[in-house]
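One file, final_14.txt, is given below (compact mmCIF, C-alpha atoms).
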# COMPACT_ATOMS: atom_id res chain seq x y z
CA MET A 1 -6.74 -43.87 -126.21
CA SER A 2 -4.32 -45.51 -123.79
CA GLU A 3 -4.97 -44.78 -120.11
CA GLY A 4 -1.32 -43.90 -119.47
CA LEU A 5 -1.18 -41.41 -122.33
CA ARG A 6 -1.03 -37.79 -121.26
CA VAL A 7 -2.92 -35.32 -123.41
CA CYS A 8 -1.76 -31.79 -124.04
CA ARG A 9 -4.79 -29.59 -123.63
CA LYS A 10 -3.18 -26.36 -124.77
CA CYS A 11 0.04 -27.17 -126.53
CA LEU A 12 0.08 -24.47 -129.20
CA LEU A 13 2.13 -21.52 -128.06
CA GLU A 14 -0.04 -19.15 -130.05
CA GLN A 15 -2.91 -20.09 -127.73
CA THR A 16 -0.87 -19.22 -124.65
CA SER A 17 0.42 -15.82 -123.63
CA LEU A 18 4.13 -15.58 -122.91
CA GLU A 19 3.34 -14.87 -119.27
CA GLU A 20 1.15 -17.99 -119.02
CA TYR A 21 3.84 -20.07 -120.70
CA ALA A 22 6.59 -18.76 -118.39
CA ASP A 23 4.44 -19.41 -115.32
CA SER A 24 3.60 -22.92 -116.50
CA LEU A 25 7.23 -23.78 -117.18
CA LYS A 26 8.35 -22.36 -113.83
CA THR A 27 5.70 -24.40 -112.01
CA TYR A 28 6.68 -27.54 -113.91
CA ILE A 29 10.36 -27.10 -113.01
CA GLU A 30 9.56 -26.36 -109.36
CA ASN A 31 7.55 -29.59 -109.17
CA LEU A 32 10.27 -31.84 -110.57
CA ASN A 33 11.46 -34.51 -108.16
CA GLU A 34 14.51 -33.36 -106.20
CA GLU A 35 16.52 -36.35 -107.42
CA ASP A 36 15.87 -35.30 -111.04
CA ARG A 37 16.64 -31.59 -110.65
CA VAL A 38 19.99 -29.82 -110.32
CA ASP A 39 20.51 -27.43 -107.43
CA GLN A 40 19.66 -23.75 -107.89
CA LYS A 41 23.29 -22.61 -108.25
CA LEU A 42 24.03 -25.07 -111.06
CA TYR A 43 20.72 -24.23 -112.73
CA GLU A 44 21.60 -20.53 -112.77
CA GLU A 45 25.13 -21.27 -114.07
CA ARG A 46 23.69 -23.32 -116.91
CA LEU A 47 21.16 -20.63 -117.81
CA GLU A 48 23.87 -17.98 -117.79
CA LYS A 49 25.84 -20.01 -120.34
CA CYS A 50 22.73 -20.53 -122.44
CA ALA A 51 21.94 -16.81 -122.34
CA GLY A 52 25.22 -16.05 -124.08
CA CYS A 53 24.85 -18.78 -126.71
CA LYS A 54 24.27 -17.94 -130.36
CA ASN A 55 21.88 -20.92 -130.60
CA LEU A 56 19.37 -19.47 -128.12
CA LEU A 57 16.22 -18.17 -129.79
CA SER A 58 13.17 -17.09 -127.78
CA GLY A 59 13.97 -19.44 -124.91
CA MET A 60 14.61 -22.40 -127.19
CA CYS A 61 17.81 -24.09 -128.27
CA ARG A 62 18.07 -24.06 -132.05
CA LEU A 63 20.26 -27.19 -131.95
CA CYS A 64 17.77 -29.53 -130.28
CA GLY A 65 14.50 -27.59 -130.02
CA CYS A 66 14.30 -27.85 -126.23
CA PHE A 67 13.20 -25.13 -123.86
CA VAL A 68 16.54 -24.32 -122.24
CA GLU A 69 15.07 -23.56 -118.82
CA LEU A 70 13.73 -27.09 -118.59
CA ARG A 71 16.84 -28.73 -120.04
CA ALA A 72 19.09 -26.79 -117.64
CA ALA A 73 17.00 -27.92 -114.65
CA LEU A 74 17.38 -31.66 -115.33
CA LYS A 75 20.38 -33.62 -114.04
CA VAL A 76 20.35 -36.05 -116.96
CA ARG A 77 20.48 -33.35 -119.64
CA LYS A 78 23.57 -31.76 -121.15
CA CYS A 79 24.16 -28.89 -123.54
CA PRO A 80 23.65 -30.23 -127.09
CA ASP A 81 26.39 -28.03 -128.57
CA LEU A 82 29.82 -29.41 -129.42
CA PRO A 83 31.87 -28.69 -127.49
CA ARG A 84 29.29 -28.61 -124.71
CA LYS A 85 28.96 -25.42 -122.72
CA TRP A 86 27.76 -27.41 -119.68

Will you turn the file into structure tokens for me?
Amino acid sequence: MSEGLRVCRKCLLEQTSLEEYADSLKTYIENLNEEDRVDQKLYEERLEKCAGCKNLLSGMCRLCGCFVELRAALKVRKCPDLPRKW
């Protein structure tokens, strides 16, 4: 195995409670580098748009398979829908 390769130790959602998953995702987002993360106001605006989208299913975007909370937090990411919602 390559030294730079990161290994998922618990990647199956069925092995993780929803509370554990939510906490893990929140921690991951909070620990993103400031230069990679959007500000809190923009993050909340993006999530509000995602919340009203027909492609949202259990926290995931059905168009791309991403977890919308993570995608919305990253500056380099955009809504995958056409036309984009954000």

**Prompt:** What is the CA of Lys41 in chain A-CA of Cys79 in chain A distance in Å, reported with one decimal?
**Reply:**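 These two atoms are separated by 16.6 Å.
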
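When all atoms listed in the file are used to measure the gap to Glu48 in chain A, the shortest distance among A:Val76, A:Val68, A:Lys26, A:Arg84 belongs to A:Val68.
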
**Request:** Write out as a list of chain:residue names the residues lying within 6 Å of Lys75 in chain A, counting only C-alpha atoms and excluding same-chain residues fewer than 5 positions away.
**Result:**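 The contact residues come out as A:Asp36, A:Arg37, A:Val38.
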
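Using all atoms listed in the file, the smallest distance between any of A:Glu30, A:Gln40, A:Leu56, A:Glu69 and Asp81 in chain A comes from A:Leu56.
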
**Asked** What does the distance from CA of Ser17 in chain A to CA of Pro80 in chain A come to in Å, to one decimal?
**Response** 27.6 Å

Just want the 12 Å neighbourhood of Met60 in chain A, counted on only C-alpha atoms, with same-chain residues fewer than 2 positions away dropped. Output as a PDB file with C-alpha atoms, in the frame of the given file.
ATOM      1  CA  LEU A  47      21.160 -20.630-117.810  1.00  0.00           C
ATOM      2  CA  CYS A  50      22.730 -20.530-122.440  1.00  0.00           C
ATOM      3  CA  ALA A  51      21.940 -16.810-122.340  1.00  0.00           C
ATOM      4  CA  CYS A  53      24.850 -18.780-126.710  1.00  0.00           C
ATOM      5  CA  LYS A  54      24.270 -17.940-130.360  1.00  0.00           C
ATOM      6  CA  ASN A  55      21.880 -20.920-130.600  1.00  0.00           C
ATOM      7  CA  LEU A  56      19.370 -19.470-128.120  1.00  0.00           C
ATOM      8  CA  LEU A  57      16.220 -18.170-129.790  1.00  0.00           C
ATOM      9  CA  SER A  58      13.170 -17.090-127.780  1.00  0.00           C
ATOM     10  CA  ARG A  62      18.070 -24.060-132.050  1.00  0.00           C
ATOM     11  CA  LEU A  63      20.260 -27.190-131.950  1.00  0.00           C
ATOM     12  CA  CYS A  64      17.770 -29.530-130.280  1.00  0.00           C
ATOM     13  CA  GLY A  65      14.500 -27.590-130.020  1.00  0.00           C
ATOM     14  CA  CYS A  66      14.300 -27.850-126.230  1.00  0.00           C
ATOM     15  CA  PHE A  67      13.200 -25.130-123.860  1.00  0.00           C
ATOM     16  CA  VAL A  68      16.540 -24.320-122.240  1.00  0.00           C
ATOM     17  CA  GLU A  69      15.070 -23.560-118.820  1.00  0.00           C
ATOM     18  CA  LEU A  70      13.730 -27.090-118.590  1.00  0.00           C
ATOM     19  CA  ARG A  71      16.840 -28.730-120.040  1.00  0.00           C
ATOM     20  CA  ALA A  72      19.090 -26.790-117.640  1.00  0.00           C
ATOM     21  CA  PRO A  80      23.650 -30.230-127.090  1.00  0.00           C
TER      22      PRO A  80
END

All file atoms of range 32-48 of chain A boxed axis-aligned, 6 Å per side, centre plus edges, as JSON:
{"center_x": 17.7, "center_y": -27.2, "center_z": -112.0, "size_x": 26.9, "size_y": 30.4, "size_z": 23.6}

**Request:** Find the residue from A:Asp23, A:Gly52, A:Ala73, A:Arg46 that sits nearest to Trp86 in chain A; use all atoms listed in the file when measuring.
**Result:** A:Arg46

**Prompt:** To one decimal place, how far is CA of Tyr21 in chain A from CA of Lys85 in chain A in Å?
**Reply:**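 Between CA of Tyr21 in chain A and CA of Lys85 in chain A the gap works out to 25.8 Å.
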
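Of the residues under consideration (A:Thr27, A:Leu18, A:Leu42, A:Leu74), A:Leu18 shows the shortest atom-to-atom contact distance to Gly59 in chain A when counting all atoms listed in the file.
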
**Prompt:** Which one is closest to Tyr43 in chain A: A:Ile29, A:Cys61, A:Ala22, A:Leu82? Count only C-alpha atoms.
**Reply:**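 Using only C-alpha atoms, the shortest distance to Tyr43 in chain A belongs to A:Ile29.
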